[in-house]
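Report on one structure; see the data block that follows.
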Amino acid sequence: MTEMNLDALAKAGRLPWSPNPTARDLDVWDEYEHPRAGTFTIDGTTVFFLALTAVGERLSLWAYTCLTSKEAHELAVAEFDSTASLREFAERLLDDRRVVFVLADDLIIRRWSVADSKGPIDERAIDFLNSVLESVKDNRHPTRMITAKLAEVDVATTELVDA
């Protein structure tokens, strides 16, 4: 099997669970109002997807990886006893693999990037978001930068209070 061109997996304006016009055979593993985890195929390759953040928020972050034929076959019959066990499995699956990160705005794909680096999926997701911030930094008005930093402080202080 030839490896799929991950740079071409996502297209702007598409839904995260159908990131490309050639995506077929959607199999949703977790759904609440919208698919949050599952698989689809593109040109015979099975792709696993996972919403890394809450889907109901304006911005959402998604991760995708290609599965081998053996993995796709094994996962077609996999069962999970809870959403938490599915999430644990999915995060382990995404660790140390080539993934595509997608940033969606109101469930519409806006930005994406292939991550070839190794490591935990959450650390690589942060790297992706930092690269998105860097790419837009020069085009941002200072007032918007202040608002963005206030949002970061809000999240950080909320986490401190909740801990």
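Here, A, B, ... name the chains of the structure tokens in the order displayed, residue numbers run from 1 inside each chain, and ligands are numbered from 1 in the same displayed order.
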Which residues are close to range 44-60 of chain A, i.e. within 6 Å by only C-alpha atoms, leaving aside same-chain residues fewer than 5 positions away? Reply as a short mmCIF file (atom, residue, chain, number, x, y, z; two decimals) with C-alpha atoms, in the first residue's frame.
```cif
data_model
loop_
_atom_site.label_atom_id
_atom_site.label_comp_id
_atom_site.auth_asym_id
_atom_site.auth_seq_id
_atom_site.Cartn_x
_atom_site.Cartn_y
_atom_site.Cartn_z
CA ARG A 36 -16.02 13.36 17.53
CA ALA A 37 -14.07 10.20 16.72
CA GLY A 38 -14.11 7.55 14.04
CA THR A 39 -12.75 6.52 10.69
CA THR A 65 -3.67 9.45 11.18
CA CYS A 66 -3.62 6.76 8.52
CA LEU A 67 -4.11 3.19 9.65
CA LEU A 103 -8.09 23.82 13.31
CA ALA A 104 -11.80 24.26 12.65
CA ASP A 105 -13.82 27.45 13.17
CA ASP A 106 -17.52 26.70 13.76
#
```
Check which residues of range 74-101 of chain A sit at most 12 Å from range 8-22 of chain A using only C-alpha atoms, and return one row each with the closest pair of atoms and their distance in Å to one decimal, ordered by chain and rising number, as a tab-separated table.
```
residue	atom	partner	partner_atom	distance
A:Val99	CA	A:Leu9	CA	10.3
A:Val100	CA	A:Leu9	CA	7.8
A:Phe101	CA	A:Ala10	CA	9.1
```
Print the selection's residues with N, CA, C and O atoms to a file, as a PDB file, in the first residue's frame.
```pdb
ATOM      1  N   VAL A  99       0.736  12.616  12.026  1.00  0.00           N
ATOM      2  CA  VAL A  99      -0.655  13.048  12.140  1.00  0.00           C
ATOM      3  C   VAL A  99      -0.853  14.339  11.366  1.00  0.00           C
ATOM      4  O   VAL A  99       0.098  15.066  11.075  1.00  0.00           O
ATOM      5  N   VAL A 100      -2.105  14.595  11.070  1.00  0.00           N
ATOM      6  CA  VAL A 100      -2.508  15.884  10.523  1.00  0.00           C
ATOM      7  C   VAL A 100      -3.323  16.557  11.609  1.00  0.00           C
ATOM      8  O   VAL A 100      -4.264  15.967  12.144  1.00  0.00           O
ATOM      9  N   PHE A 101      -2.938  17.779  11.955  1.00  0.00           N
ATOM     10  CA  PHE A 101      -3.731  18.580  12.878  1.00  0.00           C
ATOM     11  C   PHE A 101      -4.576  19.538  12.056  1.00  0.00           C
ATOM     12  O   PHE A 101      -4.104  20.100  11.069  1.00  0.00           O
TER      13      PHE A 101
END
```
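With only C-alpha atoms as the basis for measurement, A:Leu86 is the residue among A:Met4, A:Ile108, A:Val114, A:Leu86 that approaches Asp30 in chain A most closely.
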Among the residues of chain A, find those DSSP assigns to helix (DSSP H, G or I) from the backbone and print them as number ranges by chain.
-> A: 6-8, 69-76, 83-94, 121-137, 142-162
Using DSSP on the backbone, list every residue of chain A that comes out as strand (DSSP E), and give them as a VMD selection string.
-> chain A and resid 24 to 32 34 to 42 45 to 51 59 to 66 99 to 105 108 to 115
From CA of Ser113 in chain A to CA of His141 in chain A the spacing works out at 24.6 Å
Among listed residues A:Asn5, A:Ile42, A:Val153, A:Trp29, nearest Val77 in chain A (using only C-alpha atoms) = A:Trp29
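Minimum distance to Glu91 in chain A across A:Lys149, A:Arg24, A:Arg124, A:His34 (counting only C-alpha atoms) occurs at A:Arg124.
One distance worth recording is that between CA of Ala76 in chain A and CA of Asp27 in chain A, which is 9.0 Å.
Close contacts of Lys118 in chain A, defined as residues with an atom at most 9 Å away when counting only C-alpha atoms, with chain neighbours fewer than 4 positions off set aside, comprise Asp95, Asp96, Arg97, Arg98 and Arg124 of chain A.
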May I have the selected residues written with all heavy atoms, as a PDB file, in the first residue's frame?
```pdb
ATOM      1  N   ASP A  95      -0.145   9.028  19.527  1.00  0.00           N
ATOM      2  CA  ASP A  95       1.212   9.324  20.007  1.00  0.00           C
ATOM      3  C   ASP A  95       2.242   8.732  19.048  1.00  0.00           C
ATOM      4  O   ASP A  95       2.061   7.618  18.543  1.00  0.00           O
ATOM      5  CB  ASP A  95       1.442   8.738  21.403  1.00  0.00           C
ATOM      6  CG  ASP A  95       0.759   9.525  22.508  1.00  0.00           C
ATOM      7  OD1 ASP A  95       0.279  10.638  22.244  1.00  0.00           O
ATOM      8  OD2 ASP A  95       0.715   9.006  23.643  1.00  0.00           O
ATOM      9  N   ASP A  96       3.305   9.483  18.798  1.00  0.00           N
ATOM     10  CA  ASP A  96       4.460   9.006  18.030  1.00  0.00           C
ATOM     11  C   ASP A  96       4.147   8.583  16.594  1.00  0.00           C
ATOM     12  O   ASP A  96       4.871   7.786  16.009  1.00  0.00           O
ATOM     13  CB  ASP A  96       5.163   7.847  18.762  1.00  0.00           C
ATOM     14  CG  ASP A  96       5.814   8.322  20.052  1.00  0.00           C
ATOM     15  OD1 ASP A  96       6.366   9.434  20.064  1.00  0.00           O
ATOM     16  OD2 ASP A  96       5.758   7.583  21.048  1.00  0.00           O
ATOM     17  N   ARG A  97       3.067   9.079  16.024  1.00  0.00           N
ATOM     18  CA  ARG A  97       2.720   8.765  14.635  1.00  0.00           C
ATOM     19  C   ARG A  97       2.636  10.054  13.827  1.00  0.00           C
ATOM     20  O   ARG A  97       2.401  11.119  14.386  1.00  0.00           O
ATOM     21  CB  ARG A  97       1.346   8.098  14.564  1.00  0.00           C
ATOM     22  CG  ARG A  97       1.306   6.723  15.132  1.00  0.00           C
ATOM     23  CD  ARG A  97      -0.093   6.198  15.084  1.00  0.00           C
ATOM     24  NE  ARG A  97      -0.466   5.792  13.746  1.00  0.00           N
ATOM     25  CZ  ARG A  97      -0.947   4.594  13.457  1.00  0.00           C
ATOM     26  NH1 ARG A  97      -1.111   3.698  14.397  1.00  0.00           N
ATOM     27  NH2 ARG A  97      -1.283   4.288  12.236  1.00  0.00           N
ATOM     28  N   ARG A  98       2.781   9.920  12.516  1.00  0.00           N
ATOM     29  CA  ARG A  98       2.517  11.063  11.640  1.00  0.00           C
ATOM     30  C   ARG A  98       1.031  11.381  11.755  1.00  0.00           C
ATOM     31  O   ARG A  98       0.182  10.494  11.638  1.00  0.00           O
ATOM     32  CB  ARG A  98       2.830  10.726  10.186  1.00  0.00           C
ATOM     33  CG  ARG A  98       4.292  10.611   9.904  1.00  0.00           C
ATOM     34  CD  ARG A  98       4.552  10.461   8.427  1.00  0.00           C
ATOM     35  NE  ARG A  98       4.528  11.807   7.839  1.00  0.00           N
ATOM     36  CZ  ARG A  98       4.088  12.068   6.625  1.00  0.00           C
ATOM     37  NH1 ARG A  98       3.635  11.119   5.847  1.00  0.00           N
ATOM     38  NH2 ARG A  98       4.096  13.310   6.165  1.00  0.00           N
ATOM     39  N   ARG A 124       2.364  17.758  20.802  1.00  0.00           N
ATOM     40  CA  ARG A 124       2.446  18.121  19.383  1.00  0.00           C
ATOM     41  C   ARG A 124       1.274  19.011  18.972  1.00  0.00           C
ATOM     42  O   ARG A 124       1.425  19.870  18.119  1.00  0.00           O
ATOM     43  CB  ARG A 124       2.532  16.861  18.529  1.00  0.00           C
ATOM     44  CG  ARG A 124       3.837  16.118  18.846  1.00  0.00           C
ATOM     45  CD  ARG A 124       4.086  14.924  17.979  1.00  0.00           C
ATOM     46  NE  ARG A 124       3.021  13.942  18.077  1.00  0.00           N
ATOM     47  CZ  ARG A 124       2.621  13.181  17.055  1.00  0.00           C
ATOM     48  NH1 ARG A 124       3.191  13.277  15.887  1.00  0.00           N
ATOM     49  NH2 ARG A 124       1.662  12.300  17.222  1.00  0.00           N
TER      50      ARG A 124
END
```
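When CA of Ser69 in chain A is paired with CA of Thr41 in chain A, their separation reads 11.3 Å.
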